[in-house]
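Participant: Once you've had a glance at the structure underneath, I'll fire off some questions.
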Amino acid sequence: METRKSDNIFGSYVFFVTKVIGLWIYDKNMDISKRLLTLAILIRFIEIIFSLINIINILKNFENNGNLRTIAILFCLAKLLFVLLNFCHINSEFREKSLWKYLAVQKFNRNHFKLTKITLYFVNILFILLLGALVFDVIKKSIPWYLLPDRLLTIHFYWTFVIVIIHFCTCLQILITLMKEINIEMASMGDQIRTADLRKIKLLTNQHSCLIDIAEIVNRAFGWQNIIIYSILFIITISSLFGFVRRFTSDLLIVTIARQTTIFFLSFGLIVVPVYLCEDFKQEVNQFNMKLFYFVKRRFSDGFQDDELQFYTIMKRNMSFTAGGCINLGYPLILSIINSAATFLVILIQFTN
């Protein structure tokens with residue numbers, strides 16, 4: 001199979017942004033590019049320097065304001081996690097070369113990736129709003145000088161953060177698309193118990209097993225990133241809710257409240273989308289196992305003995321995505337984050353009072 005250009009994995013727009021912010025280290029032939037690798041490392045060190053300077057300035061200027069200082073500390077912690085996330089992602093790309101090469105040569109219809117497209121549209125809208133709000137504040141001179149680098153750094157980290165999530169979601173959607181094709185082939189067998197082509201069944205079984213192996217590689221490649229991603233989303237959720245509650249009871253502009261609300265719903269959406277895709281892939285895997293079980297069961301009742309298929313049916317291979325083996329990426333995670341965020345929000349409000 002001929003290797004295609006790597007920008008077909010994510011789409012030309014996402015691929016362009018990925019290279020600009022230093023989160024891609026492969027060339028068109030999916031070999032590590034020294035130029036892109038050097039650029040990625042250089043951008044990471046620049047992020048560290050500016051983040052530390054920015055954190056020091058913010059903590060100094062918010063020293064006497066309890067409410068804003070609490071929010072500032074949360075966002076400073078998030079900035080350090082942003083830097084760590086980008087380093088982990090570059091390291092993962094460097095270690096898992098075989099995974100990205102495999103994904104690069106897969107033929108798929110990008111129309112199946114509607115969920116990622118919708119997420120990207122909302123992300124672009126928020127990016128425009130954040131950039132527009134920054135330009136408006138600069139023109140009106142309503143933003144202190146020490147907050148300007150913070151806002152620019154936030155927009156940069158915002159893009160790197162979203163790009164890593166899109167990389168993970170794209171890998172999941174490729175796997176889901178391939179698994180659905182296997183299930184369609186399996187369903188086309190219908191009730192052809194006696195006339196079924198066993199070679200084709202065994203081929204589909206092997207493809208099913210290989211996709212689960214690749215899913216385990218994806219899970220390992222994004223393990224640390226997912227831990228950091230959900231830690232950041234947890235912090236953003238708490239800080240946005242805290243800022244909303246505090247500013248809702250104050251005399252600040254409604255625009256500020258609306259911005260906090262938008263950030264909350266965006267962070268909540270970024271929590272839900274990867275979890276939904278992980279559950280979708282798990283469901284497709286279970287669907288194949290169920291179809292194969294009924295197929296083997298009917299053949300066995302008709303007197304056919306297929307030891308290899310029976311053994312694979314007994315194995316019942318499944319796949320559960322985790323964040324570094326610590327957190328299961330499933331629907332219960334959403335409720336856990338909501339409950340934990342509500343608890344920490346109450347603690348923060350009482351602490352600042």
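If you're wondering about the labels, chains in the structure tokens are A, B, ... by order shown, residues count from 1 in each chain, ligands from 1 in order shown.
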Would you list, as a PDB file with N, CA and C atoms, in the first residue's frame, the residues of stretch 232-345 of chain A that end up in strand (DSSP E or B) under DSSP run on this structure's backbone?

Facilitator:
```
ATOM      1  N   THR A 322      -7.741   3.840  29.035  1.00  0.00           N
ATOM      2  CA  THR A 322      -7.460   4.426  30.346  1.00  0.00           C
ATOM      3  C   THR A 322      -6.513   5.612  30.186  1.00  0.00           C
ATOM      4  N   ALA A 323      -6.472   6.439  31.201  1.00  0.00           N
ATOM      5  CA  ALA A 323      -5.508   7.548  31.245  1.00  0.00           C
ATOM      6  C   ALA A 323      -4.322   7.093  32.078  1.00  0.00           C
ATOM      7  N   ILE A 327      -7.108   6.017  35.244  1.00  0.00           N
ATOM      8  CA  ILE A 327      -8.498   6.454  35.118  1.00  0.00           C
ATOM      9  C   ILE A 327      -9.112   5.780  33.893  1.00  0.00           C
ATOM     10  N   ASN A 328     -10.250   5.149  34.067  1.00  0.00           N
ATOM     11  CA  ASN A 328     -10.964   4.548  32.936  1.00  0.00           C
ATOM     12  C   ASN A 328     -11.698   5.642  32.158  1.00  0.00           C
TER      13      ASN A 328
END
```

Participant: Could you name the residues that touch A:Leu81 at 9 Å or less, counting only C-alpha atoms, but leaving out those on the same chain fewer than 6 positions away, as a short mmCIF file (atom, residue, chain, number, x, y, z; two decimals) with C-alpha atoms, in the first residue's frame?

Facilitator:
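around.cif written:
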```cif
data_model
loop_
_atom_site.label_atom_id
_atom_site.label_comp_id
_atom_site.auth_asym_id
_atom_site.auth_seq_id
_atom_site.Cartn_x
_atom_site.Cartn_y
_atom_site.Cartn_z
CA ILE A 228 -2.64 15.65 32.02
CA ILE A 229 -5.57 16.52 29.74
CA SER A 231 -6.26 17.20 35.08
CA ILE A 232 -6.26 20.44 33.06
#
```

Participant: With only C-alpha atoms as the counted atoms, please give the residues lying no more than 12 Å from A:Ile338, apart from itself and same-chain residues fewer than 4 positions off, as an NGL selection string.

Facilitator: :A and (233-235 or 237-238 or 241 or 264 or 267-268 or 271-272 or 331-334 or 342-345)

Participant: For N, CA, C and O atoms, I'd like the residues from the last selection saved as a compact mmCIF listing (two decimals), in the first residue's frame.

Facilitator:
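What ended up in out_15.txt:
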```txt
# COMPACT_ATOMS: atom_id res chain seq x y z
N LEU A 233 -8.51 19.86 32.35
CA LEU A 233 -9.95 20.09 32.21
C LEU A 233 -10.63 20.20 33.56
O LEU A 233 -11.56 21.00 33.74
N PHE A 234 -10.16 19.42 34.53
CA PHE A 234 -10.71 19.50 35.88
C PHE A 234 -10.41 20.87 36.50
O PHE A 234 -11.30 21.50 37.10
N ILE A 235 -9.18 21.34 36.34
CA ILE A 235 -8.80 22.65 36.88
C ILE A 235 -9.58 23.77 36.19
O ILE A 235 -10.08 24.70 36.85
N THR A 237 -12.47 23.56 34.70
CA THR A 237 -13.87 23.48 35.12
C THR A 237 -14.08 24.14 36.48
O THR A 237 -15.02 24.93 36.67
N ILE A 238 -13.19 23.84 37.43
CA ILE A 238 -13.30 24.43 38.76
C ILE A 238 -13.12 25.94 38.71
O ILE A 238 -13.91 26.71 39.28
N LEU A 241 -16.06 27.75 37.01
CA LEU A 241 -17.23 27.79 37.90
C LEU A 241 -17.01 28.76 39.05
O LEU A 241 -17.91 29.52 39.42
N PHE A 264 -16.51 27.12 30.46
CA PHE A 264 -17.00 25.93 31.18
C PHE A 264 -17.60 24.92 30.22
O PHE A 264 -17.29 23.72 30.28
N SER A 267 -14.90 23.26 28.06
CA SER A 267 -14.13 22.26 28.79
C SER A 267 -14.97 21.01 29.04
O SER A 267 -14.46 19.88 28.95
N PHE A 268 -16.25 21.19 29.32
CA PHE A 268 -17.13 20.03 29.52
C PHE A 268 -17.27 19.23 28.22
O PHE A 268 -17.27 18.00 28.24
N ILE A 271 -14.31 17.14 27.65
CA ILE A 271 -14.33 15.96 28.51
C ILE A 271 -15.17 14.86 27.88
O ILE A 271 -14.79 13.68 27.89
N VAL A 272 -16.30 15.23 27.31
CA VAL A 272 -17.28 14.25 26.82
C VAL A 272 -16.83 13.58 25.52
O VAL A 272 -16.97 12.36 25.36
N TYR A 331 -18.06 6.56 30.55
CA TYR A 331 -19.10 7.50 30.98
C TYR A 331 -19.07 7.79 32.48
O TYR A 331 -19.37 8.92 32.89
N PRO A 332 -18.72 6.81 33.35
CA PRO A 332 -18.64 7.14 34.78
C PRO A 332 -17.64 8.26 35.10
O PRO A 332 -17.80 8.94 36.12
N LEU A 333 -16.63 8.43 34.24
CA LEU A 333 -15.64 9.48 34.48
C LEU A 333 -16.27 10.86 34.45
O LEU A 333 -15.88 11.75 35.22
N ILE A 334 -17.27 11.06 33.59
CA ILE A 334 -17.93 12.36 33.47
C ILE A 334 -18.62 12.73 34.79
O ILE A 334 -18.47 13.85 35.30
N ALA A 342 -17.72 19.94 41.83
CA ALA A 342 -18.68 20.59 42.74
C ALA A 342 -18.14 20.62 44.16
O ALA A 342 -18.27 21.63 44.88
N THR A 343 -17.51 19.52 44.58
CA THR A 343 -16.95 19.46 45.94
C THR A 343 -15.83 20.48 46.13
O THR A 343 -15.80 21.23 47.11
N PHE A 344 -14.90 20.52 45.17
CA PHE A 344 -13.78 21.47 45.26
C PHE A 344 -14.27 22.91 45.15
O PHE A 344 -13.67 23.81 45.75
N LEU A 345 -15.33 23.14 44.38
CA LEU A 345 -15.87 24.49 44.25
C LEU A 345 -16.39 25.00 45.61
O LEU A 345 -16.12 26.15 45.99
```

Participant: With distances taken over only C-alpha atoms, which of A:Tyr294, A:Tyr312, A:Tyr13, A:Tyr26 is nearest to A:Met186?

Facilitator: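 Of A:Tyr294, A:Tyr312, A:Tyr13, A:Tyr26, the one nearest A:Met186, counting only C-alpha atoms, is A:Tyr294.
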